[in-house]
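Structure below is my_file29.txt: compact mmCIF, C-alpha atoms.
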```
# COMPACT_ATOMS: atom_id res chain seq x y z
CA MET A 981 0.00 0.00 0.00
CA ARG A 982 2.78 2.36 0.94
CA SER A 983 4.63 1.58 -2.30
CA ASN A 984 1.49 2.46 -4.29
CA ARG A 985 1.20 5.82 -2.53
CA GLN A 986 4.88 6.47 -3.14
CA HIS A 987 4.41 5.56 -6.80
CA VAL A 988 1.47 7.97 -7.15
CA LEU A 989 3.42 10.71 -5.39
CA ALA A 990 6.37 10.21 -7.72
CA ILE A 991 4.08 10.45 -10.75
CA LEU A 992 2.51 13.65 -9.42
CA MET A 993 5.94 15.17 -8.84
CA VAL A 994 6.98 14.35 -12.39
CA LEU A 995 3.75 15.83 -13.75
CA ALA A 996 4.23 19.00 -11.67
CA ALA A 997 7.78 19.39 -12.93
CA PHE A 998 6.60 18.80 -16.51
CA MET A 999 3.80 21.36 -16.19
CA SER A 1000 6.16 23.88 -14.63
CA GLY A 1001 8.63 23.39 -17.45
CA ALA A 1002 5.89 23.69 -20.07
CA GLN A 1003 4.62 26.88 -18.41
CA ALA A 1004 8.10 28.37 -18.47
CA GLN A 1005 8.61 27.38 -22.09
CA ASP A 1006 5.43 29.21 -23.12
CA TYR A 1007 6.02 32.18 -20.80
CA PRO A 1008 5.04 34.89 -21.41
CA ALA A 1009 1.96 34.01 -23.46
CA LYS A 1010 -0.05 37.11 -22.53
CA PRO A 1011 0.53 40.72 -21.34
CA ILE A 1012 2.32 41.24 -18.03
CA THR A 1013 1.10 43.73 -15.41
CA LEU A 1014 3.81 45.85 -13.80
CA VAL A 1015 2.47 47.36 -10.58
CA MET A 1016 3.82 50.78 -9.60
CA PRO A 1017 2.15 51.53 -6.24
CA PHE A 1018 2.30 55.32 -6.57
CA PRO A 1019 0.26 57.76 -8.70
CA ALA A 1020 0.64 58.10 -12.45
CA GLY A 1021 2.76 61.07 -13.46
CA GLY A 1022 5.14 60.88 -10.50
CA PRO A 1023 8.83 59.96 -10.51
CA GLY A 1024 8.16 56.30 -9.76
CA ASP A 1025 5.67 56.10 -12.61
CA ALA A 1026 8.26 57.49 -15.04
CA MET A 1027 10.68 54.77 -13.95
CA ALA A 1028 8.02 52.05 -14.29
CA ARG A 1029 7.01 53.10 -17.81
CA ASN A 1030 10.59 53.29 -19.00
CA LEU A 1031 11.32 49.85 -17.55
CA GLY A 1032 8.08 48.49 -19.01
CA MET A 1033 9.17 49.45 -22.51
CA VAL A 1034 12.51 47.62 -22.34
CA LEU A 1035 11.01 44.58 -20.59
CA SER A 1036 8.37 44.38 -23.34
CA ALA A 1037 11.12 44.21 -25.94
CA ALA A 1038 13.16 41.65 -23.98
CA LEU A 1039 10.19 39.37 -23.25
CA LYS A 1040 8.45 39.97 -26.61
CA GLN A 1041 5.20 40.63 -24.78
CA GLN A 1042 3.36 43.77 -23.73
CA VAL A 1043 4.04 45.08 -20.21
CA ILE A 1044 1.20 47.20 -18.83
CA VAL A 1045 1.82 49.59 -15.93
CA ASP A 1046 -0.85 49.65 -13.20
CA ASN A 1047 -0.96 52.33 -10.46
CA PRO A 1048 -2.94 51.09 -7.42
CA SER A 1049 -1.56 53.82 -5.15
CA GLY A 1050 -2.06 54.66 -1.49
CA ALA A 1051 -0.72 53.99 2.02
CA SER A 1052 2.93 54.65 1.14
CA GLY A 1053 2.91 51.96 -1.54
CA THR A 1054 1.57 49.17 0.68
CA ILE A 1055 -1.73 48.84 -1.21
CA GLY A 1056 -0.09 48.07 -4.54
CA SER A 1057 2.64 45.96 -2.95
CA GLY A 1058 -0.01 43.93 -1.11
CA LYS A 1059 -1.84 43.39 -4.38
CA VAL A 1060 1.27 41.80 -5.86
CA ALA A 1061 1.97 39.70 -2.75
CA LYS A 1062 -1.51 38.14 -3.10
CA ALA A 1063 -1.39 37.74 -6.90
CA LYS A 1064 -1.17 34.37 -8.63
CA PRO A 1065 2.52 33.39 -8.76
CA ASP A 1066 2.66 32.84 -12.51
CA GLY A 1067 4.96 35.69 -13.56
CA TYR A 1068 2.17 37.84 -14.99
CA THR A 1069 2.04 40.30 -12.06
CA LEU A 1070 5.23 42.11 -11.09
CA LEU A 1071 6.07 44.91 -8.67
CA ILE A 1072 8.45 47.80 -9.20
CA MET A 1073 9.01 49.57 -5.91
CA ASN A 1074 11.45 52.11 -4.54
CA ILE A 1075 13.28 52.68 -1.25
CA GLY A 1076 9.91 52.48 0.52
CA MET A 1077 10.16 48.69 0.35
CA ALA A 1078 12.90 48.90 2.99
CA THR A 1079 11.25 51.51 5.21
CA GLN A 1080 7.76 50.02 5.49
CA PRO A 1081 8.72 47.62 8.34
CA ALA A 1082 9.74 50.60 10.49
CA LEU A 1083 6.81 52.81 9.47
CA TYR A 1084 4.02 50.28 10.06
CA ARG A 1085 3.33 48.32 13.22
CA SER A 1086 1.97 45.51 11.03
CA LEU A 1087 2.05 44.84 7.30
CA PRO A 1088 -0.10 42.42 5.30
CA TYR A 1089 3.09 40.84 3.96
CA ASN A 1090 6.70 40.19 4.90
CA ILE A 1091 8.96 42.17 2.60
CA LEU A 1092 11.81 39.66 2.70
CA THR A 1093 9.85 36.39 2.53
CA ASP A 1094 6.53 37.02 0.72
CA PHE A 1095 8.03 38.05 -2.63
CA GLU A 1096 10.39 36.59 -5.18
CA HIS A 1097 13.25 39.05 -5.56
CA ILE A 1098 14.12 39.57 -9.23
CA GLY A 1099 16.80 42.26 -9.04
CA ARG A 1100 17.79 45.85 -8.56
CA VAL A 1101 16.76 48.18 -11.38
CA ALA A 1102 18.13 51.70 -11.00
CA ASP A 1103 19.29 54.45 -8.70
CA MET A 1104 17.74 57.92 -8.77
CA PRO A 1105 19.78 60.64 -7.00
CA MET A 1106 18.02 63.40 -5.13
CA THR A 1107 18.61 67.12 -4.70
CA ILE A 1108 17.80 69.59 -1.95
CA VAL A 1109 16.08 72.59 -3.51
CA ALA A 1110 14.38 75.69 -2.16
CA ARG A 1111 12.10 78.51 -3.20
CA THR A 1112 14.11 81.15 -5.05
CA GLY A 1113 13.57 83.81 -2.39
CA LEU A 1114 15.02 81.80 0.49
CA ALA A 1115 17.83 83.85 2.06
CA PRO A 1116 20.68 81.35 2.74
CA ALA A 1117 22.99 81.43 -0.29
CA THR A 1118 24.88 78.17 0.30
CA LEU A 1119 24.33 74.83 2.01
CA LYS A 1120 26.61 75.95 4.85
CA ASP A 1121 24.50 79.11 5.25
CA LEU A 1122 21.30 77.03 5.23
CA ILE A 1123 22.54 74.74 8.00
CA ALA A 1124 23.68 77.69 10.10
CA HIS A 1125 20.34 79.48 9.59
CA ALA A 1126 18.37 76.36 10.53
CA LYS A 1127 20.42 75.85 13.71
CA ALA A 1128 19.81 79.45 14.73
CA ASN A 1129 16.10 79.25 13.88
CA PRO A 1130 14.85 75.73 14.71
CA ARG A 1131 11.58 74.76 13.00
CA LYS A 1132 11.24 78.20 11.40
CA LEU A 1133 11.84 76.80 7.90
CA THR A 1134 9.38 74.41 6.27
CA PHE A 1135 10.54 71.19 4.57
CA GLY A 1136 7.99 69.68 2.19
CA ASN A 1137 7.85 66.01 1.23
CA ALA A 1138 5.85 63.67 -0.99
CA GLY A 1139 4.17 61.90 1.92
CA VAL A 1140 5.07 60.00 5.08
CA GLY A 1141 7.71 57.41 4.27
CA SER A 1142 8.37 58.74 0.78
CA ALA A 1143 11.91 59.09 -0.54
CA ALA A 1144 11.55 62.86 -0.10
CA HIS A 1145 10.55 62.40 3.54
CA LEU A 1146 13.45 60.02 4.21
CA CYS A 1147 15.92 62.43 2.64
CA ALA A 1148 14.69 65.29 4.84
CA MET A 1149 14.85 63.11 7.98
CA LEU A 1150 18.39 61.99 7.19
CA PHE A 1151 19.45 65.58 6.48
CA MET A 1152 18.04 66.78 9.80
CA ASN A 1153 19.63 63.86 11.63
CA VAL A 1154 23.10 64.31 10.13
CA THR A 1155 23.20 68.13 10.33
CA GLN A 1156 21.43 68.27 13.72
CA THR A 1157 18.88 70.77 12.47
CA GLU A 1158 15.10 70.98 12.87
CA TYR A 1159 12.49 72.01 10.31
CA THR A 1160 8.71 71.99 10.21
CA GLU A 1161 7.77 69.09 7.92
CA VAL A 1162 4.89 69.53 5.47
CA PRO A 1163 3.66 66.27 3.89
CA TYR A 1164 1.88 66.20 0.51
CA LYS A 1165 0.14 63.50 -1.48
CA GLY A 1166 2.93 63.12 -4.00
CA ALA A 1167 5.95 64.98 -5.33
CA ALA A 1168 4.05 67.06 -7.89
CA PRO A 1169 1.90 69.07 -5.43
CA ALA A 1170 4.94 69.59 -3.18
CA MET A 1171 6.87 71.07 -6.10
CA VAL A 1172 3.91 73.29 -7.02
CA ASP A 1173 3.84 74.76 -3.52
CA LEU A 1174 7.62 75.21 -3.51
CA LEU A 1175 7.44 77.13 -6.78
CA GLY A 1176 4.59 79.18 -5.32
CA GLY A 1177 6.65 80.06 -2.26
CA HIS A 1178 4.33 78.26 0.17
CA ILE A 1179 7.11 76.02 1.54
CA ASP A 1180 10.83 76.66 1.87
CA LEU A 1181 12.57 73.39 1.01
CA LEU A 1182 12.13 70.08 -0.74
CA CYS A 1183 14.41 67.08 -1.22
CA ASP A 1184 13.24 64.95 -4.11
CA GLN A 1185 14.38 62.81 -7.00
CA THR A 1186 16.13 64.47 -9.92
CA SER A 1187 13.25 63.34 -12.15
CA THR A 1188 11.13 65.87 -10.23
CA THR A 1189 13.68 68.61 -9.64
CA SER A 1190 16.12 68.72 -12.56
CA GLY A 1191 13.81 70.60 -14.92
CA GLN A 1192 13.22 73.35 -12.35
CA ILE A 1193 16.94 73.46 -11.50
CA LYS A 1194 17.90 73.94 -15.15
CA SER A 1195 15.26 76.62 -15.69
CA GLY A 1196 16.16 78.53 -12.53
CA GLY A 1197 12.75 77.95 -10.98
CA VAL A 1198 14.31 76.79 -7.71
CA LYS A 1199 17.43 77.46 -5.66
CA THR A 1200 19.68 74.40 -5.39
CA TYR A 1201 21.68 73.42 -2.31
CA GLY A 1202 23.18 70.16 -3.51
CA VAL A 1203 22.96 66.58 -4.75
CA THR A 1204 22.43 63.87 -2.13
CA ALA A 1205 24.31 61.11 -3.97
CA LYS A 1206 27.99 60.28 -3.46
CA THR A 1207 28.90 61.71 -6.86
CA ARG A 1208 27.61 64.53 -9.02
CA VAL A 1209 24.78 63.89 -11.47
CA ALA A 1210 25.85 63.81 -15.12
CA SER A 1211 22.86 65.89 -16.23
CA LEU A 1212 23.56 68.49 -13.49
CA PRO A 1213 27.38 68.63 -13.45
CA TYR A 1214 27.45 72.11 -11.92
CA VAL A 1215 25.55 71.07 -8.78
CA PRO A 1216 27.92 69.90 -5.99
CA THR A 1217 27.14 67.01 -3.66
CA LEU A 1218 26.43 67.54 0.02
CA HIS A 1219 29.57 65.55 0.77
CA GLU A 1220 31.66 68.05 -1.22
CA GLN A 1221 30.15 70.87 0.83
CA GLY A 1222 31.10 69.46 4.20
CA VAL A 1223 28.30 67.02 5.05
CA ALA A 1224 30.68 64.07 5.03
CA GLY A 1225 29.42 60.79 3.64
CA PHE A 1226 25.85 61.99 3.14
CA GLU A 1227 23.88 59.76 0.76
CA ALA A 1228 20.15 59.55 0.10
CA VAL A 1229 19.27 57.83 -3.16
CA SER A 1230 15.87 56.63 -4.29
CA TRP A 1231 16.54 53.16 -5.68
CA PHE A 1232 14.17 50.82 -7.50
CA GLY A 1233 13.83 47.05 -7.47
CA LEU A 1234 11.69 44.43 -9.20
CA TRP A 1235 9.68 41.69 -7.42
CA ALA A 1236 7.16 38.95 -8.17
CA PRO A 1237 4.74 37.05 -5.91
CA LYS A 1238 6.28 34.28 -3.82
CA GLY A 1239 6.15 30.91 -5.56
CA VAL A 1240 6.80 31.90 -9.16
CA PRO A 1241 8.34 28.81 -10.83
CA LYS A 1242 12.13 29.05 -11.07
CA PRO A 1243 12.22 28.72 -14.88
CA VAL A 1244 9.84 31.71 -15.13
CA LEU A 1245 11.84 33.65 -12.54
CA ASP A 1246 15.03 32.93 -14.51
CA LYS A 1247 13.41 34.40 -17.62
CA LEU A 1248 12.45 37.52 -15.70
CA VAL A 1249 15.97 37.92 -14.30
CA ALA A 1250 17.43 37.54 -17.79
CA ALA A 1251 14.97 40.12 -19.16
CA LEU A 1252 15.85 42.57 -16.39
CA GLN A 1253 19.56 42.15 -17.08
CA THR A 1254 18.92 42.83 -20.76
CA ALA A 1255 16.92 45.93 -19.78
CA VAL A 1256 19.54 47.52 -17.51
CA ALA A 1257 22.16 47.07 -20.24
CA ASP A 1258 19.93 48.63 -22.92
CA PRO A 1259 21.47 51.90 -24.26
CA ALA A 1260 18.06 53.53 -24.79
CA PHE A 1261 17.06 52.78 -21.19
CA LYS A 1262 20.33 54.29 -19.96
CA THR A 1263 19.73 57.42 -22.04
CA ARG A 1264 16.17 57.89 -20.83
CA LEU A 1265 17.21 57.51 -17.19
CA ALA A 1266 20.15 59.88 -17.69
CA ASP A 1267 17.68 62.51 -18.88
CA LEU A 1268 15.92 62.07 -15.53
CA GLY A 1269 19.21 62.27 -13.64
CA GLY A 1270 19.35 58.56 -12.80
CA ALA A 1271 21.09 55.42 -14.00
CA PRO A 1272 20.36 51.69 -14.24
CA VAL A 1273 22.41 49.45 -11.97
CA PRO A 1274 25.26 47.36 -13.40
CA VAL A 1275 24.12 43.99 -14.78
CA ALA A 1276 25.88 42.26 -11.87
CA LEU A 1277 23.38 43.84 -9.43
CA ALA A 1278 20.27 42.94 -11.43
CA ASN A 1279 19.72 39.58 -9.73
CA PRO A 1280 17.72 38.20 -6.78
CA GLU A 1281 20.54 37.90 -4.24
CA ALA A 1282 21.84 41.42 -4.87
CA LEU A 1283 18.36 42.87 -4.34
CA ARG A 1284 17.68 40.77 -1.24
CA SER A 1285 20.98 41.79 0.37
CA TYR A 1286 20.48 45.44 -0.51
CA VAL A 1287 16.97 45.55 0.96
CA LYS A 1288 18.29 44.05 4.20
CA SER A 1289 21.05 46.67 4.41
CA GLU A 1290 18.58 49.49 3.70
CA ILE A 1291 16.20 48.22 6.41
CA ASP A 1292 19.11 48.37 8.86
CA LYS A 1293 20.05 51.88 7.68
CA TRP A 1294 16.65 53.53 7.89
CA ALA A 1295 14.95 51.80 10.83
CA PRO A 1296 16.89 53.66 13.58
CA ILE A 1297 16.42 57.01 11.82
CA ILE A 1298 12.67 56.49 11.53
CA LYS A 1299 12.45 55.29 15.12
CA LYS A 1300 14.42 58.28 16.41
CA ALA A 1301 12.13 60.65 14.52
CA GLY A 1302 9.07 58.96 15.98
CA ILE A 1303 7.47 58.62 12.54
CA SER A 1304 4.61 56.21 11.95
CA ALA A 1305 2.40 55.69 8.90
CA ASP A 1306 -0.32 53.83 10.87
```

Do you think you could lay out the structure here as structure tokens?
Amino acid sequence: MRSNRQHVLAILMVLAAFMSGAQAQDYPAKPITLVMPFPAGGPGDAMARNLGMVLSAALKQQVIVDNPSGASGTIGSGKVAKAKPDGYTLLIMNIGMATQPALYRSLPYNILTDFEHIGRVADMPMTIVARTGLAPATLKDLIAHAKANPRKLTFGNAGVGSAAHLCAMLFMNVTQTEYTEVPYKGAAPAMVDLLGGHIDLLCDQTSTTSGQIKSGGVKTYGVTAKTRVASLPYVPTLHEQGVAGFEAVSWFGLWAPKGVPKPVLDKLVAALQTAVADPAFKTRLADLGGAPVPVALANPEALRSYVKSEIDKWAPIIKKAGISAD
């Protein structure tokens, strides 16, 4: 009797392996949904649509961007975590993937275990900009002014837990300054109020700020990456200006629901590696001030390790600031 059960089990395992292999061979046989859990028109959406174009070419199948936004990206991320693990629903998410555990007392998913990590996608530097009429002329002057006038200046952000919010928190933590934080529902309305003189400062991705920097619509205090941005070569980094080692970069990664068959996952990893090496993708991101990661970082282990390191980096900063998204 036991041998019969073992025989049936062996047959089922062979059939499952065969079906998985057949599924991978046919994959993708229909359009793929790429979930970007922030509003259309924002910096994350621009990244998702650019990635979608190169993935479509690599996979020879249409990639459709979906924007189920809200709750600092947790609504869209949760949608992917619960999706059928067949490779037809993917998630592109930014630095928020590593800050959610510290911002929320409970999440409907575990960031490290409830997704298949596909790989890192790109890094998007940020810049600290201000309304043109703000008095401090340099970053050093700004820091000195803020220390002499705690909470007198307003620092806008794109919402609690956003990359803009994290950048502002890190800046305050490192420079030991205090500002009055003003959260918005996205980067676009924050920039509108900055241009209108309703807030003093904003730290956001170059995809949001570079156009205004080039046109002179904002005052610029520096780039938050380790090196200068190729599209803004005249803007110095914070590190160059005395804020040693400062780095706040909005990075992007690609995930799938847990349980995607390995042959399908391998195809997705290969497609991502083709995408980050694509010259047109590099050019489009350079226009936004960003850059795709090297091919060697576009893999599951590199993304998993990076997310862990980012969780360790941001958790104490968020805890110290007493910030919660609940």

Inset, instruction - With a distance cut-off of 7 Å and all atoms listed in the file, select the neighbouring residues of A:Gly1269, excluding the residue or stretch itself and same-chain residues fewer than 2 positions from it, and output the selection as a ChimeraX atom specification. - result: /A:1104-1105,1186-1187,1209-1211,1265-1267

Inset, instruction - Give the answer as one residue: which of A:His1145, A:Arg1264, A:Lys1010, A:Lys1120 has the shortest atom-to-atom distance to A:Met1027, using all atoms listed in the file? - result: A:Arg1264

Hey, which bits of stretch 1057-1143 of chain A sit within 12 Å of stretch 1188-1205 of chain A, and for each residue what's the closest pair of atoms and how far apart in Å (one decimal), counting only C-alpha atoms, rows by chain and increasing number, as JSON lines?
```
{"residue": "A:Asp1103", "atom": "CA", "partner": "A:Ala1205", "partner_atom": "CA", "distance": 9.6}
{"residue": "A:Met1104", "atom": "CA", "partner": "A:Ala1205", "partner_atom": "CA", "distance": 8.7}
{"residue": "A:Pro1105", "atom": "CA", "partner": "A:Ala1205", "partner_atom": "CA", "distance": 5.5}
{"residue": "A:Met1106", "atom": "CA", "partner": "A:Thr1204", "partner_atom": "CA", "distance": 5.4}
{"residue": "A:Thr1107", "atom": "CA", "partner": "A:Val1203", "partner_atom": "CA", "distance": 4.4}
{"residue": "A:Ile1108", "atom": "CA", "partner": "A:Tyr1201", "partner_atom": "CA", "distance": 5.5}
{"residue": "A:Val1109", "atom": "CA", "partner": "A:Thr1200", "partner_atom": "CA", "distance": 4.4}
{"residue": "A:Ala1110", "atom": "CA", "partner": "A:Lys1199", "partner_atom": "CA", "distance": 5.0}
{"residue": "A:Arg1111", "atom": "CA", "partner": "A:Val1198", "partner_atom": "CA", "distance": 5.3}
{"residue": "A:Thr1112", "atom": "CA", "partner": "A:Lys1199", "partner_atom": "CA", "distance": 5.0}
{"residue": "A:Gly1113", "atom": "CA", "partner": "A:Lys1199", "partner_atom": "CA", "distance": 8.1}
{"residue": "A:Leu1114", "atom": "CA", "partner": "A:Lys1199", "partner_atom": "CA", "distance": 7.9}
{"residue": "A:Ala1115", "atom": "CA", "partner": "A:Lys1199", "partner_atom": "CA", "distance": 10.0}
{"residue": "A:Pro1116", "atom": "CA", "partner": "A:Tyr1201", "partner_atom": "CA", "distance": 9.5}
{"residue": "A:Ala1117", "atom": "CA", "partner": "A:Tyr1201", "partner_atom": "CA", "distance": 8.4}
{"residue": "A:Thr1118", "atom": "CA", "partner": "A:Tyr1201", "partner_atom": "CA", "distance": 6.3}
{"residue": "A:Leu1119", "atom": "CA", "partner": "A:Tyr1201", "partner_atom": "CA", "distance": 5.3}
{"residue": "A:Lys1120", "atom": "CA", "partner": "A:Tyr1201", "partner_atom": "CA", "distance": 9.1}
{"residue": "A:Asp1121", "atom": "CA", "partner": "A:Tyr1201", "partner_atom": "CA", "distance": 9.9}
{"residue": "A:Leu1122", "atom": "CA", "partner": "A:Tyr1201", "partner_atom": "CA", "distance": 8.4}
{"residue": "A:Ile1123", "atom": "CA", "partner": "A:Tyr1201", "partner_atom": "CA", "distance": 10.4}
{"residue": "A:Asn1137", "atom": "CA", "partner": "A:Thr1188", "partner_atom": "CA", "distance": 11.9}
{"residue": "A:Ala1138", "atom": "CA", "partner": "A:Thr1188", "partner_atom": "CA", "distance": 10.9}
{"residue": "A:Ala1143", "atom": "CA", "partner": "A:Thr1204", "partner_atom": "CA", "distance": 11.7}
```

Inset, instruction - Excluding stretch 1235-1249 of chain A and residues on its chain fewer than 2 positions from it, collect all residues at most 6 Å away from it, counting only C-alpha atoms, and give them as a PyMOL selection string. - result: chain A and resi 1004+1060-1061+1065-1066+1070-1071+1094-1098+1251-1252

Legend entry - Pick from A:Ile1179, A:Leu1283, A:Ala1028, A:Met1033 nearest to A:Asp1046, counting all atoms listed in the file: A:Ala1028

Legend entry - Gap from atom CA of A:Thr1160 to atom CA of A:Asp1180 - Å, one decimal: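 Atom CA of A:Asp1180 lies 9.8 Å from atom CA of A:Thr1160.
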
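You will find atom CA of A:Val1034 at 25.4 Å from atom CA of A:Ala1078.
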
Inset, instruction - Determine, counting all atoms listed in the file, which protein, DNA and RNA residues have an atom within 12 Å of an atom of A:Ala1224; residues of the same chain fewer than 2 positions away are not included. Present the result as number ranges by chain. - result: A: 1151, 1154-1155, 1204-1206, 1217-1222, 1226-1227

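Atom CA of A:Leu1234 lies 5.6 Å from atom CA of A:Gly1099.
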
Legend entry - Who sits within 10 Å of A:Met1149, all atoms listed in the file, same chain under 3 positions skipped, as a ChimeraX atom specification: /A:1135,1141,1143-1146,1152-1154,1157-1159,1161,1294,1297-1298,1300-1301,1303

Inset, instruction - Kindly extract all protein, DNA and RNA residues lying within 9 Å of the coordinates (2.9, 62.7, 1.8) given in the file, considering all atoms listed in the file, and supply them as a ChimeraX atom specification. - result: /A:1052,1136-1142,1144-1145,1162-1167,1170

Legend entry - Residue with smallest distance to A:Trp1231 - pool A:Pro1088, A:Ala1063, A:Lys1040, A:Glu1290, counting only C-alpha atoms: A:Glu1290
